[in-house]
Structure formats: C-alpha cells, structure tokens
Amino acid sequence: MACFTVSAVEAIAVTVAKKVVEKKELEATTTNEISEESSVHHTPLSTKLGWLTKMLWGGVFLLLIEHMWHGEVVPYFPFLTAMSSKEATMEMLHEMATVGVSMAILVTAFWGLIVLAHSVVEKKKNLEAKREA
C-alpha cells in the first residue's frame with residue numbers, strides 16, 4: 001500500500017546528508033585538508049552516499065509505479081487508497097512499520113556490504129600502489 005514511503009523518507013534524508021557531505025568535502029579540497037596518502041585510491045563518502053540514494057530512489061520509483069499499476073496510489077487526494085477508511089489506514093500503517101521498514105533496512109544493509117567490499121578492494125589497491133612506489 002504505502003511501504004515505499006518509508007524508503008522515500010530515508011532517500012530524502014540521505015540525499016540531504018549527501019549534499020552536506022559534498023559541501024564539506026569541497027571545502028576540504030579547497031583548503032588542502034586531504035592528505036596525499038588518502039587521495040591515492042580514495043572514494044569520497046559523498047560518492048558512497050550517492051550509491052545509497054540511487055538504490056533508494058530507484059526502489060521508491062519502481063514501487064510507486066507498481067502501486068499505481070494496482071490502483072493503490074491514485075492521482076487525486078488522498079493519493080493513497082488505503083486512506084479511505086480508518087481500518088484501511090491502520091492496515092497501511094502496519095504495513096509501513098513492518099514491510100516498509102524491513103525493505104529500507106535491507107537496502108541499507110546491502111549498501112553497507114557494497115561499501116565494505118569496495119573498501120577491501122580499495123585497500124588492496126593502495127597496498128599495491130605503495131609496493132610499486
């Protein structure tokens with residue numbers, strides 16, 4: 001019904017965080033606060049957050065289309081058909097609390113695994129670069 005809204009809220013929060021981090025990274029590069037050692041093979045946090053935003057927004061978009069296809073989301077107020085009655089609204093809130101939160105946690109955990117794997121590969125590249133130098 002509206003499980004995608006949980007991921008949408010997380011996507012909004014991560015997008016804002018990404019913009020803040022990008023601004024701080026830009027300030028750090030202009031003041032030369034980044035050491036040479038970390039810049040060899042270093043993926044900025046804003047890039048990693050960008051991966052998460054793409055995953056979240058992609059899922060939100062696909063689920064929105066799927067919910068529209070099944071008539072659960074409509075182009076007129078209240079936009080969610082589950083808000084037509086108190087019972088349906090309670091069912092929708094339960095689904096958001098269970099399915100929506102579970103999906104958001106799963107996507108974020110998968111992103112964490114991707115970042116972890118990327119960090120391992122990055123460390124190996126840095127060690128190889130140090131050996132060659």
# chains A, B, ... in the order shown; residues from 1 in each chain; ligands from 1
>>> closest_atom_pairs(of="region 31-124 of chain A", to="region 2-11 of chain A", cutoff="6 Å", atoms="only C-alpha atoms", output="Markdown table")
| residue | atom | partner | partner_atom | distance |
| --- | --- | --- | --- | --- |
| A:Thr53 | CA | A:Ala11 | CA | 5.7 |
| A:Leu56 | CA | A:Ala11 | CA | 5.6 |
| A:Val60 | CA | A:Phe4 | CA | 5.4 |
| A:Met96 | CA | A:Cys3 | CA | 4.5 |
| A:Gly100 | CA | A:Cys3 | CA | 4.1 |
| A:Ala104 | CA | A:Ser7 | CA | 5.3 |
>>> residues_around(residues="Glu25 (chain A)", least_positions_apart="3", cutoff="9 Å", atoms="only C-alpha atoms", output="list in words")
Val20, Val21, Glu22, Ala28, Thr29, Thr30, Ile34, Pro44, Leu45 and Ser46 of chain A
>>> select_by_dssp(residues="chain A", states="alpha helix (DSSP H)", output="PyMOL selection string")
chain A and resi 4-30+45-69+86-95+101-132
>>> closest_residue(among="A:Gly59, A:Pro78, A:Gly50, A:Gly71", to="Leu106 (chain A)", atoms="only C-alpha atoms")
A:Gly59
>>> closest_residue(among="A:Leu49, A:Lys125, A:Ala117, A:His42", to="Ala13 (chain A)", atoms="only C-alpha atoms")
A:Leu49
>>> atom_distance(atom1="CA of Met68 (chain A)", atom2="CA of Lys86 (chain A)")
21.0 Å
>>> closest_residue(among="A:Ala109, A:Ala88, A:Val14, A:Met1", to="Trp69 (chain A)", atoms="only C-alpha atoms")
A:Met1
